[in-house]
Amino acid sequence: MSYDGVGQRPEGARGRRHVQRTLALLGAGALAVPLLAGCADEEVTSSPLAPQDIAPVARDLVADGGTVKWAVDAVPETLNTFQADADAGTARIAQAVLPSMFRLDAAGRPVPDAAYLESAEVIETEPRQVVLYKLNQQAVWSDGREIGAADFVAQWRALSGRNSAYWTARNAGYDRIAKIERGANDLQVRVTFSRPYADWRSLFSPLYPKDVMGTPDAFNDGARRKLKVTAGPFKVEKVDTATKDVVLTRNPRWWGKPAKLNEIVLHAVSRDKRAAALADGSADLADIDSADAQRIGLANRTKGTGTPLQGAGGKTSVKKLRDWALAHGFDSDQVHAGKKKLRKAITRYLEQQQALRDVEVRKSLEPAYTQLALNGAAGPLADERVRRAVARALDRVELARLVLTPLGLPAVPVGSHLALSGQAAYADGSGALGGQDAKEAQALLADAGWVRGGPLKEQKKAEKAAGPEHGGGHDGEDVSDGGKDGEYIVGEDDDKGHGDDQGHGDGAGGGPDGTDGKGRRHEPAGDQREHGDQHLAQEGKHGGAPGAYAPKGTAAPAAAPAGPLAKDGKPLALRFVLPSGPGSETLNSVAERISAMLEQVGMRTTITKVSDESYFKDHIAAGDYDLALYSWPSSAFPATDARPVYAKPVPAADGSVNFEQNYTRVGTDQVDQLFDQAATTLDEDEARDLIRKADSRIWAAAGSIPLYQRPQLVGVRKNLVNAGAFGFQTPVYEDMGFLKKGAKVPAAPHKG
């Protein structure tokens, strides 16, 4: 999972399904909501909202040789994707060097990988489900051994959950296998399941050699920094933590079409240094944020410098230099440096701009969506009516436009928790909750006992901003005066509590994409760099409501409520927690807009910014928030991968509560049952309909509100082809490379 808006992966967040869904208390219970079946009874088809953007060319136009330097967030802690600390980099390496029985196509659907698999199908359903894999007869490991049943068996035993000595991140699917055996010959593998498993295509992708999976020691430690045996177009040459590089080289035993590149070097580059890395050649390919995308676009549009370095008489005032630097995204330290240092910084910037003319931005939509999470464990949001009121107060179209329209991407709100447009299971289930309706939101709040003008008890300074029902982490906050540093109350027009006015960005990512706390993840799109009044002016250009982080003196909108709602002597105040690192500007803008929408129906929010490092661990996973923004990756296998995200929290024997990856702590028995049914039916149409019904009920419970699909912005050297914004599709690493001299990328077909 990830919480940034662009190119991150926790997100934190990140590329692999089980990592991005790592890490419950009060369930919403069964809901009798009309129209829950929605479109589940009808066949609904969709297509991806944005195509991939990779400058596709035929292999004969790609030069042989060369090295691509690919910027990543960090050198992976492990090369074993089934370990808890795997991240997006781990997944990227596995895709290039290991077999996968199935890969994802451009619509996010699993398709057999012909390099490894001739066919795979269910050949028996009674008395048990049996899947027969027929392997490509040329498929061999880099040590010359055939890929075969022994590798399947070793991976099943390691991931089945039966041996706790294996430190695995997940067992889903492998725990349903009863036995694996050789088929009619060495190229056939028969997998027999103890109970039906609809998502069997999710298994053995990637497939590790028995050398890695065969013993707990090999699994736990042997593949963290080395992969001696591989079977892809590339192999792992070295992992160098000192230089922050992972070097992949051509695999001489690869039986498929040979890789065009000699090497792929994954190099760790922080997000705020990616534009500079693209400019100086230390990166050829890098996920970037919208500010860097705008900078690259400006470099390609501008012929002259347009700088104030040379004024009349050879002099330029410090004010003009600072104004220019501020307008071009320089940080506060650079803007307020001495004149000599500022001139040097501007000169360096202009040199980079010239170099960035060799780079372009390729953009699509990431296979992940950003959501508003509502913590249903305690406080006002434990009441389903209040959660539904929050949802009905939101204009999701406006929020999507805020992020995506400036980037030229389709601004369509996400209509499903469990799939994205283009995937078979996708259908807009938001009708189970309803669209924006301020009157309905206010009626729900009134029904829950929140009324305007009620008496308020004296609040002690040490009371928690979101109410005394909430757990730790709120002490010392003060609702009435804006709280401590890093917090401010949306709707208050005094100048107290703006402890984050110093240009903090928002962390990225799937991180989710975080990833789960990591990579998606881990990772924001359409972000605006915050530079005091400039940021406020930008917010105004987007139609931001006054009062949402507006300057002192801004008039309140005409329809603004006269005062906060109250119940039992307490105001309706929600704590909105956000990350504060570089790249989080988009989340700030979205949160401020959401807060303004909630203010219009009488709900007050306290925005609190915390460090990226603690955001997921100490706040989201710990339940120390009321409202939060983070991202989840989509999955081709929602019955398996999404269930722990929406499972009803279950009390454990020791008095704790097991909420799996359900950070909102909102779940229902009905949703669990629908997931279970979808995971066991082998009828694909029935499974799809069950997933859509589950999504409708998740909408009705209002624990999380999908907002928009995350932008995918990638800075790419112009002559690098078959690479960029991949969208849903698994990259084809052997086709990446540099365009031959004189060759041209075919024009993309016009989409009317």
# chains A, B, ... in the order shown; residues from 1 in each chain; ligands from 1
$ residues_around --residues "A:Tyr369" --least-positions-apart "2" --cutoff "7 Å" --atoms "only C-alpha atoms" --output "short mmCIF file (atom, residue, chain, number, x, y, z; two decimals) with all heavy atoms, in the first residue's frame"
data_model
loop_
_atom_site.label_atom_id
_atom_site.label_comp_id
_atom_site.auth_asym_id
_atom_site.auth_seq_id
_atom_site.Cartn_x
_atom_site.Cartn_y
_atom_site.Cartn_z
N GLN A 371 -7.80 6.38 -1.44
CA GLN A 371 -9.08 6.32 -0.74
C GLN A 371 -9.04 7.20 0.50
O GLN A 371 -7.97 7.52 1.02
CB GLN A 371 -9.36 4.88 -0.30
CG GLN A 371 -8.35 4.38 0.71
CD GLN A 371 -8.77 3.10 1.40
OE1 GLN A 371 -9.84 2.57 1.16
NE2 GLN A 371 -7.91 2.60 2.27
N ASP A 513 -0.35 2.36 -3.99
CA ASP A 513 -0.18 1.95 -4.37
C ASP A 513 -0.52 1.34 -3.66
O ASP A 513 -1.00 2.04 -4.70
CB ASP A 513 -0.35 0.90 -3.90
CG ASP A 513 -0.72 1.63 -4.52
OD1 ASP A 513 -1.03 0.69 -4.65
OD2 ASP A 513 -1.28 0.52 -4.31
N SER A 631 -3.28 4.65 -0.29
CA SER A 631 -3.65 3.95 -1.51
C SER A 631 -3.56 2.44 -1.36
O SER A 631 -2.75 1.93 -0.60
CB SER A 631 -2.74 4.38 -2.67
OG SER A 631 -2.88 5.75 -2.92
N TRP A 632 -4.41 1.75 -2.13
CA TRP A 632 -4.35 0.30 -2.26
C TRP A 632 -4.07 -0.05 -3.71
O TRP A 632 -4.59 0.59 -4.62
CB TRP A 632 -5.68 -0.35 -1.87
CG TRP A 632 -5.94 -0.50 -0.41
CD1 TRP A 632 -7.00 -0.01 0.27
CD2 TRP A 632 -5.14 -1.19 0.54
NE1 TRP A 632 -6.92 -0.34 1.59
CE2 TRP A 632 -5.78 -1.07 1.79
CE3 TRP A 632 -3.94 -1.91 0.47
CZ2 TRP A 632 -5.26 -1.63 2.96
CZ3 TRP A 632 -3.43 -2.46 1.63
CH2 TRP A 632 -4.09 -2.33 2.85
N PRO A 633 -3.27 -1.09 -3.95
CA PRO A 633 -3.11 -1.57 -5.32
C PRO A 633 -4.32 -2.38 -5.74
O PRO A 633 -5.00 -2.97 -4.90
CB PRO A 633 -1.87 -2.46 -5.22
CG PRO A 633 -1.91 -2.99 -3.82
CD PRO A 633 -2.48 -1.87 -2.98
N PRO A 706 -13.34 5.11 -2.00
CA PRO A 706 -12.41 5.27 -3.12
C PRO A 706 -12.58 6.64 -3.76
O PRO A 706 -13.70 7.10 -3.97
CB PRO A 706 -12.81 4.14 -4.08
CG PRO A 706 -13.51 3.13 -3.22
CD PRO A 706 -14.22 3.94 -2.18
N TYR A 708 -9.85 8.34 -6.40
CA TYR A 708 -9.37 8.43 -7.77
C TYR A 708 -8.24 7.43 -7.98
O TYR A 708 -7.54 7.04 -7.04
CB TYR A 708 -8.86 9.85 -8.08
CG TYR A 708 -7.83 10.36 -7.09
CD1 TYR A 708 -6.48 10.06 -7.21
CD2 TYR A 708 -8.23 11.13 -6.00
CE1 TYR A 708 -5.55 10.52 -6.29
CE2 TYR A 708 -7.32 11.60 -5.07
CZ TYR A 708 -5.98 11.29 -5.22
OH TYR A 708 -5.06 11.74 -4.29
N GLN A 709 -8.06 7.01 -9.22
CA GLN A 709 -6.95 6.15 -9.58
C GLN A 709 -5.69 7.01 -9.59
O GLN A 709 -5.68 8.13 -10.08
CB GLN A 709 -7.18 5.51 -10.95
CG GLN A 709 -6.33 4.29 -11.21
CD GLN A 709 -6.79 3.52 -12.44
OE1 GLN A 709 -7.94 3.65 -12.87
NE2 GLN A 709 -5.90 2.71 -13.01
N ARG A 710 -4.62 6.47 -9.04
CA ARG A 710 -3.42 7.28 -8.89
C ARG A 710 -2.74 7.53 -10.23
O ARG A 710 -2.65 6.65 -11.06
CB ARG A 710 -2.43 6.60 -7.95
CG ARG A 710 -2.87 6.59 -6.53
CD ARG A 710 -1.82 6.14 -5.56
NE ARG A 710 -0.63 5.59 -6.13
CZ ARG A 710 0.39 5.15 -5.40
NH1 ARG A 710 0.31 5.19 -4.09
NH2 ARG A 710 1.47 4.65 -5.96
#
$ closest_atom_pairs --of "stretch 306-412 of chain A" --to "stretch 656-679 of chain A" --cutoff "9 Å" --atoms "only C-alpha atoms" --output "Markdown table"
| residue | atom | partner | partner_atom | distance |
| --- | --- | --- | --- | --- |
| A:Ala373 | CA | A:Thr664 | CA | 6.2 |
| A:Leu374 | CA | A:Thr664 | CA | 5.7 |
| A:Asn375 | CA | A:Thr664 | CA | 4.4 |
| A:Gly376 | CA | A:Arg665 | CA | 5.6 |
| A:Ala377 | CA | A:Arg665 | CA | 5.6 |
| A:Ala382 | CA | A:Val666 | CA | 8.6 |
$ write_last_selection --atoms "C-alpha atoms" --output "mmCIF file, in the first residue's frame"
data_model
loop_
_atom_site.group_PDB
_atom_site.id
_atom_site.type_symbol
_atom_site.label_atom_id
_atom_site.label_comp_id
_atom_site.auth_asym_id
_atom_site.auth_seq_id
_atom_site.Cartn_x
_atom_site.Cartn_y
_atom_site.Cartn_z
ATOM 1 C CA ALA A 373 -10.188 5.855 5.229
ATOM 2 C CA LEU A 374 -12.635 6.305 8.137
ATOM 3 C CA ASN A 375 -11.589 4.690 11.405
ATOM 4 C CA GLY A 376 -14.702 2.921 12.696
ATOM 5 C CA ALA A 377 -13.135 1.578 15.890
ATOM 6 C CA ALA A 382 -17.918 4.202 15.096
#
$ residues_around --residues "A:Ile691" --least-positions-apart "4" --cutoff "9 Å" --atoms "only C-alpha atoms" --output "NGL selection string"
:A and (40 or 418 or 425-426 or 638-639 or 674-675 or 678 or 686-687 or 695-696)
$ write_last_selection --atoms "all heavy atoms" --output "mmCIF file, in the first residue's frame"
data_model
loop_
_atom_site.group_PDB
_atom_site.id
_atom_site.type_symbol
_atom_site.label_atom_id
_atom_site.label_comp_id
_atom_site.auth_asym_id
_atom_site.auth_seq_id
_atom_site.Cartn_x
_atom_site.Cartn_y
_atom_site.Cartn_z
ATOM 1 N N ALA A 40 -24.739 -6.228 -10.273
ATOM 2 C CA ALA A 40 -24.190 -7.575 -10.200
ATOM 3 C C ALA A 40 -24.968 -8.555 -11.052
ATOM 4 O O ALA A 40 -24.447 -9.578 -11.454
ATOM 5 C CB ALA A 40 -24.182 -8.047 -8.745
ATOM 6 N N LEU A 418 -12.652 -3.083 -5.200
ATOM 7 C CA LEU A 418 -12.062 -4.391 -5.471
ATOM 8 C C LEU A 418 -11.514 -4.543 -6.878
ATOM 9 O O LEU A 418 -10.896 -5.571 -7.190
ATOM 10 C CB LEU A 418 -13.112 -5.481 -5.210
ATOM 11 C CG LEU A 418 -13.761 -5.426 -3.819
ATOM 12 C CD1 LEU A 418 -14.799 -6.525 -3.681
ATOM 13 C CD2 LEU A 418 -12.700 -5.540 -2.727
ATOM 14 N N ALA A 425 -13.841 -7.663 -12.952
ATOM 15 C CA ALA A 425 -14.726 -7.522 -11.798
ATOM 16 C C ALA A 425 -15.211 -6.098 -11.592
ATOM 17 O O ALA A 425 -16.034 -5.838 -10.703
ATOM 18 C CB ALA A 425 -14.017 -8.000 -10.527
ATOM 19 N N TYR A 426 -14.729 -5.158 -12.400
ATOM 20 C CA TYR A 426 -15.074 -3.765 -12.139
ATOM 21 C C TYR A 426 -16.538 -3.458 -12.467
ATOM 22 O O TYR A 426 -17.052 -3.829 -13.526
ATOM 23 C CB TYR A 426 -14.194 -2.810 -12.938
ATOM 24 C CG TYR A 426 -14.496 -1.363 -12.614
ATOM 25 C CD1 TYR A 426 -13.969 -0.774 -11.475
ATOM 26 C CD2 TYR A 426 -15.335 -0.601 -13.421
ATOM 27 C CE1 TYR A 426 -14.257 0.538 -11.149
ATOM 28 C CE2 TYR A 426 -15.632 0.717 -13.103
ATOM 29 C CZ TYR A 426 -15.094 1.282 -11.960
ATOM 30 O OH TYR A 426 -15.393 2.578 -11.629
ATOM 31 N N PRO A 638 -9.098 -10.431 -6.506
ATOM 32 C CA PRO A 638 -9.637 -9.745 -5.326
ATOM 33 C C PRO A 638 -10.196 -10.668 -4.263
ATOM 34 O O PRO A 638 -10.155 -10.331 -3.072
ATOM 35 C CB PRO A 638 -10.736 -8.849 -5.914
ATOM 36 C CG PRO A 638 -11.086 -9.464 -7.233
ATOM 37 C CD PRO A 638 -9.814 -10.061 -7.742
ATOM 38 N N ALA A 639 -10.725 -11.844 -4.640
ATOM 39 C CA ALA A 639 -11.274 -12.738 -3.621
ATOM 40 C C ALA A 639 -10.197 -13.177 -2.639
ATOM 41 O O ALA A 639 -10.468 -13.397 -1.455
ATOM 42 C CB ALA A 639 -11.915 -13.964 -4.285
ATOM 43 N N LEU A 674 -19.289 -13.368 1.197
ATOM 44 C CA LEU A 674 -19.205 -13.187 -0.252
ATOM 45 C C LEU A 674 -17.787 -13.429 -0.759
ATOM 46 O O LEU A 674 -17.592 -14.024 -1.824
ATOM 47 C CB LEU A 674 -19.687 -11.788 -0.633
ATOM 48 C CG LEU A 674 -21.204 -11.578 -0.517
ATOM 49 C CD1 LEU A 674 -21.551 -10.097 -0.547
ATOM 50 C CD2 LEU A 674 -21.932 -12.316 -1.640
ATOM 51 N N PHE A 675 -16.796 -12.976 -0.015
ATOM 52 C CA PHE A 675 -15.415 -13.266 -0.391
ATOM 53 C C PHE A 675 -15.158 -14.770 -0.385
ATOM 54 O O PHE A 675 -14.523 -15.315 -1.299
ATOM 55 C CB PHE A 675 -14.441 -12.572 0.559
ATOM 56 C CG PHE A 675 -14.130 -11.142 0.204
ATOM 57 C CD1 PHE A 675 -14.261 -10.131 1.135
ATOM 58 C CD2 PHE A 675 -13.690 -10.806 -1.067
ATOM 59 C CE1 PHE A 675 -13.972 -8.821 0.817
ATOM 60 C CE2 PHE A 675 -13.391 -9.493 -1.401
ATOM 61 C CZ PHE A 675 -13.536 -8.496 -0.453
ATOM 62 N N ALA A 678 -16.748 -16.324 -3.399
ATOM 63 C CA ALA A 678 -16.045 -15.982 -4.636
ATOM 64 C C ALA A 678 -14.741 -16.752 -4.771
ATOM 65 O O ALA A 678 -14.321 -17.101 -5.879
ATOM 66 C CB ALA A 678 -15.771 -14.482 -4.684
ATOM 67 N N GLU A 686 -19.807 -16.276 -12.103
ATOM 68 C CA GLU A 686 -20.383 -16.243 -10.755
ATOM 69 C C GLU A 686 -19.427 -15.564 -9.785
ATOM 70 O O GLU A 686 -19.845 -14.767 -8.932
ATOM 71 C CB GLU A 686 -20.694 -17.666 -10.292
ATOM 72 C CG GLU A 686 -21.327 -17.715 -8.909
ATOM 73 C CD GLU A 686 -21.588 -19.143 -8.440
ATOM 74 O OE1 GLU A 686 -21.402 -20.083 -9.242
ATOM 75 O OE2 GLU A 686 -21.968 -19.314 -7.255
ATOM 76 N N ALA A 687 -18.135 -15.868 -9.897
ATOM 77 C CA ALA A 687 -17.143 -15.253 -9.011
ATOM 78 C C ALA A 687 -17.124 -13.733 -9.196
ATOM 79 O O ALA A 687 -17.059 -12.974 -8.224
ATOM 80 C CB ALA A 687 -15.764 -15.841 -9.282
ATOM 81 N N ASP A 695 -18.477 -5.724 -3.086
ATOM 82 C CA ASP A 695 -18.102 -4.318 -3.170
ATOM 83 C C ASP A 695 -19.272 -3.408 -2.801
ATOM 84 O O ASP A 695 -19.092 -2.401 -2.103
ATOM 85 C CB ASP A 695 -17.611 -3.996 -4.583
ATOM 86 C CG ASP A 695 -17.259 -2.540 -4.736
ATOM 87 O OD1 ASP A 695 -16.395 -2.063 -3.987
ATOM 88 O OD2 ASP A 695 -17.872 -1.856 -5.582
ATOM 89 N N SER A 696 -20.487 -3.743 -3.242
ATOM 90 C CA SER A 696 -21.650 -2.934 -2.881
ATOM 91 C C SER A 696 -21.825 -2.859 -1.379
ATOM 92 O O SER A 696 -22.143 -1.795 -0.816
ATOM 93 C CB SER A 696 -22.913 -3.515 -3.532
ATOM 94 O OG SER A 696 -22.893 -3.338 -4.925
#
$ closest_residue --among "A:Val414, A:Val645, A:Val189, A:Leu203" --to "A:Arg103" --atoms "only C-alpha atoms"
A:Leu203
$ residues_around --residues "A:Glu126" --least-positions-apart "6" --cutoff "12 Å" --atoms "only C-alpha atoms" --output "list in words"
Thr192, Phe193, Ser194, Arg195, Pro196 and Leu682 of chain A
$ write_last_selection --atoms "N, CA, C and O atoms" --output "short mmCIF file (atom, residue, chain, number, x, y, z; two decimals), in the first residue's frame"
data_model
loop_
_atom_site.label_atom_id
_atom_site.label_comp_id
_atom_site.auth_asym_id
_atom_site.auth_seq_id
_atom_site.Cartn_x
_atom_site.Cartn_y
_atom_site.Cartn_z
N THR A 192 -3.27 -30.74 -6.97
CA THR A 192 -4.59 -31.13 -6.45
C THR A 192 -4.91 -30.29 -5.22
O THR A 192 -4.08 -30.18 -4.30
N PHE A 193 -6.09 -29.70 -5.20
CA PHE A 193 -6.49 -28.81 -4.10
C PHE A 193 -7.38 -29.56 -3.12
O PHE A 193 -8.21 -30.40 -3.51
N SER A 194 -7.22 -29.26 -1.85
CA SER A 194 -8.05 -29.87 -0.82
C SER A 194 -9.46 -29.29 -0.84
O SER A 194 -10.42 -29.96 -0.43
N ARG A 195 -9.62 -28.06 -1.31
CA ARG A 195 -10.92 -27.42 -1.48
C ARG A 195 -10.82 -26.47 -2.67
O ARG A 195 -9.72 -26.02 -3.01
N PRO A 196 -11.92 -26.20 -3.32
CA PRO A 196 -11.86 -25.40 -4.54
C PRO A 196 -11.20 -24.04 -4.31
O PRO A 196 -11.39 -23.41 -3.27
N LEU A 682 -15.66 -22.01 -9.10
CA LEU A 682 -14.82 -22.12 -10.30
C LEU A 682 -15.52 -21.57 -11.53
O LEU A 682 -14.98 -21.62 -12.63
#
$ closest_residue --among "A:Val97, A:Leu356, A:Met597, A:Val577" --to "A:Lys718" --atoms "only C-alpha atoms"
A:Leu356
$ residues_around --residues "A:Val57" --least-positions-apart "4" --cutoff "7 Å" --atoms "only C-alpha atoms" --output "list in words"
Leu61, Val721, Asn722 and Val745 of chain A
$ closest_residue --among "A:Ser614, A:Asn80, A:Gln352, A:Thr681" --to "A:Ala218" --atoms "only C-alpha atoms"
A:Asn80
$ closest_residue --among "A:Pro51, A:Pro651, A:Gly583, A:Pro209" --to "A:Asp289" --atoms "only C-alpha atoms"
A:Gly583
$ closest_residue --among "A:Ala150, A:Leu104, A:Ala448, A:Ala636" --to "A:Pro380" --atoms "only C-alpha atoms"
A:Ala448
$ residues_around --residues "stretch 133-143 of chain A" --least-positions-apart "2" --cutoff "6 Å" --atoms "only C-alpha atoms" --output "NGL selection string"
:A and (116-120 or 145-147 or 187-189 or 229-231 or 253)
$ write_last_selection --atoms "N, CA, C and O atoms" --output "short mmCIF file (atom, residue, chain, number, x, y, z; two decimals), in the first residue's frame"
data_model
loop_
_atom_site.label_atom_id
_atom_site.label_comp_id
_atom_site.auth_asym_id
_atom_site.auth_seq_id
_atom_site.Cartn_x
_atom_site.Cartn_y
_atom_site.Cartn_z
N TYR A 116 7.21 -19.79 -20.18
CA TYR A 116 7.30 -20.83 -19.16
C TYR A 116 6.18 -21.86 -19.28
O TYR A 116 6.33 -22.98 -18.78
N LEU A 117 5.08 -21.49 -19.88
CA LEU A 117 3.88 -22.30 -19.78
C LEU A 117 3.26 -22.51 -21.15
O LEU A 117 2.95 -21.55 -21.86
N GLU A 118 3.08 -23.76 -21.51
CA GLU A 118 2.34 -24.06 -22.73
C GLU A 118 0.84 -23.98 -22.47
O GLU A 118 0.08 -23.48 -23.30
N SER A 119 0.44 -24.46 -21.31
CA SER A 119 -0.98 -24.37 -20.93
C SER A 119 -1.12 -24.64 -19.45
O SER A 119 -0.24 -25.24 -18.82
N ALA A 120 -2.24 -24.20 -18.90
CA ALA A 120 -2.61 -24.50 -17.52
C ALA A 120 -4.12 -24.46 -17.46
O ALA A 120 -4.73 -23.47 -17.87
N ARG A 145 19.31 -26.94 -14.97
CA ARG A 145 18.27 -27.90 -14.57
C ARG A 145 16.91 -27.48 -15.11
O ARG A 145 16.58 -26.29 -15.14
N GLU A 146 16.11 -28.45 -15.52
CA GLU A 146 14.76 -28.16 -16.00
C GLU A 146 13.89 -27.62 -14.88
O GLU A 146 13.97 -28.07 -13.74
N ILE A 147 13.04 -26.66 -15.23
CA ILE A 147 12.00 -26.22 -14.30
C ILE A 147 10.95 -27.32 -14.24
O ILE A 147 10.49 -27.79 -15.29
N LEU A 187 7.52 -32.54 -17.94
CA LEU A 187 7.06 -31.20 -18.27
C LEU A 187 5.65 -30.93 -17.78
O LEU A 187 5.10 -29.86 -18.03
N GLN A 188 5.06 -31.90 -17.09
CA GLN A 188 3.70 -31.73 -16.57
C GLN A 188 3.70 -31.74 -15.04
O GLN A 188 4.40 -32.55 -14.43
N VAL A 189 2.92 -30.84 -14.47
CA VAL A 189 2.79 -30.76 -13.02
C VAL A 189 1.30 -30.77 -12.68
O VAL A 189 0.54 -29.94 -13.18
N VAL A 229 20.45 -18.89 -8.59
CA VAL A 229 19.78 -19.61 -9.67
C VAL A 229 18.54 -18.83 -10.08
O VAL A 229 17.68 -18.53 -9.25
N THR A 230 18.44 -18.49 -11.36
CA THR A 230 17.31 -17.72 -11.87
C THR A 230 16.83 -18.34 -13.18
O THR A 230 17.39 -19.33 -13.64
N ALA A 231 15.82 -17.75 -13.79
CA ALA A 231 15.29 -18.28 -15.05
C ALA A 231 14.47 -17.22 -15.76
O ALA A 231 13.29 -17.39 -16.02
N ARG A 253 21.57 -18.31 -20.44
CA ARG A 253 20.78 -19.53 -20.61
C ARG A 253 19.31 -19.24 -20.95
O ARG A 253 18.50 -20.16 -20.99
#
$ closest_residue --among "A:Lys344, A:Lys609, A:Arg109, A:Arg224" --to "A:Thr81" --atoms "only C-alpha atoms"
A:Arg224
$ atom_distance --atom1 "atom CA of A:Phe330" --atom2 "atom CA of A:Thr243"
27.7 Å
$ residues_around --residues "A:Ser282" --least-positions-apart "4" --cutoff "10 Å" --atoms "only C-alpha atoms" --output "PyMOL selection string"
chain A and resi 68-71+267+269+274+276-278
$ atom_distance --atom1 "atom CA of A:Lys273" --atom2 "atom CA of A:Val714"
13.9 Å
$ select_by_dssp --residues "stretch 366-403 of chain A" --states "strand (DSSP E or B)" --output "PyMOL selection string"
chain A and resi 366-374
$ write_last_selection --atoms "N, CA and C atoms" --output "mmCIF file, in the first residue's frame"
data_model
loop_
_atom_site.group_PDB
_atom_site.id
_atom_site.type_symbol
_atom_site.label_atom_id
_atom_site.label_comp_id
_atom_site.auth_asym_id
_atom_site.auth_seq_id
_atom_site.Cartn_x
_atom_site.Cartn_y
_atom_site.Cartn_z
ATOM 1 N N GLU A 366 -1.894 4.514 -12.580
ATOM 2 C CA GLU A 366 -1.302 3.392 -11.862
ATOM 3 C C GLU A 366 -2.383 2.388 -11.483
ATOM 4 N N PRO A 367 -2.061 1.108 -11.411
ATOM 5 C CA PRO A 367 -3.050 0.126 -10.946
ATOM 6 C C PRO A 367 -3.215 0.187 -9.430
ATOM 7 N N ALA A 368 -3.639 1.343 -8.955
ATOM 8 C CA ALA A 368 -3.864 1.573 -7.530
ATOM 9 C C ALA A 368 -4.778 2.776 -7.395
ATOM 10 N N TYR A 369 -5.491 2.857 -6.280
ATOM 11 C CA TYR A 369 -6.382 4.001 -6.080
ATOM 12 C C TYR A 369 -6.177 4.593 -4.701
ATOM 13 N N THR A 370 -6.413 5.900 -4.623
ATOM 14 C CA THR A 370 -6.343 6.602 -3.346
ATOM 15 C C THR A 370 -7.735 6.632 -2.739
ATOM 16 N N GLN A 371 -7.801 6.382 -1.440
ATOM 17 C CA GLN A 371 -9.079 6.318 -0.739
ATOM 18 C C GLN A 371 -9.043 7.203 0.498
ATOM 19 N N LEU A 372 -10.222 7.596 0.944
ATOM 20 C CA LEU A 372 -10.382 8.216 2.257
ATOM 21 C C LEU A 372 -10.765 7.105 3.222
ATOM 22 N N ALA A 373 -9.923 6.880 4.220
ATOM 23 C CA ALA A 373 -10.188 5.855 5.229
ATOM 24 C C ALA A 373 -10.853 6.493 6.440
ATOM 25 N N LEU A 374 -11.902 5.836 6.968
ATOM 26 C CA LEU A 374 -12.635 6.305 8.137
ATOM 27 C C LEU A 374 -12.487 5.260 9.235
#
$ atom_distance --atom1 "atom CA of A:Ala391" --atom2 "atom CA of A:Asp437"
9.2 Å
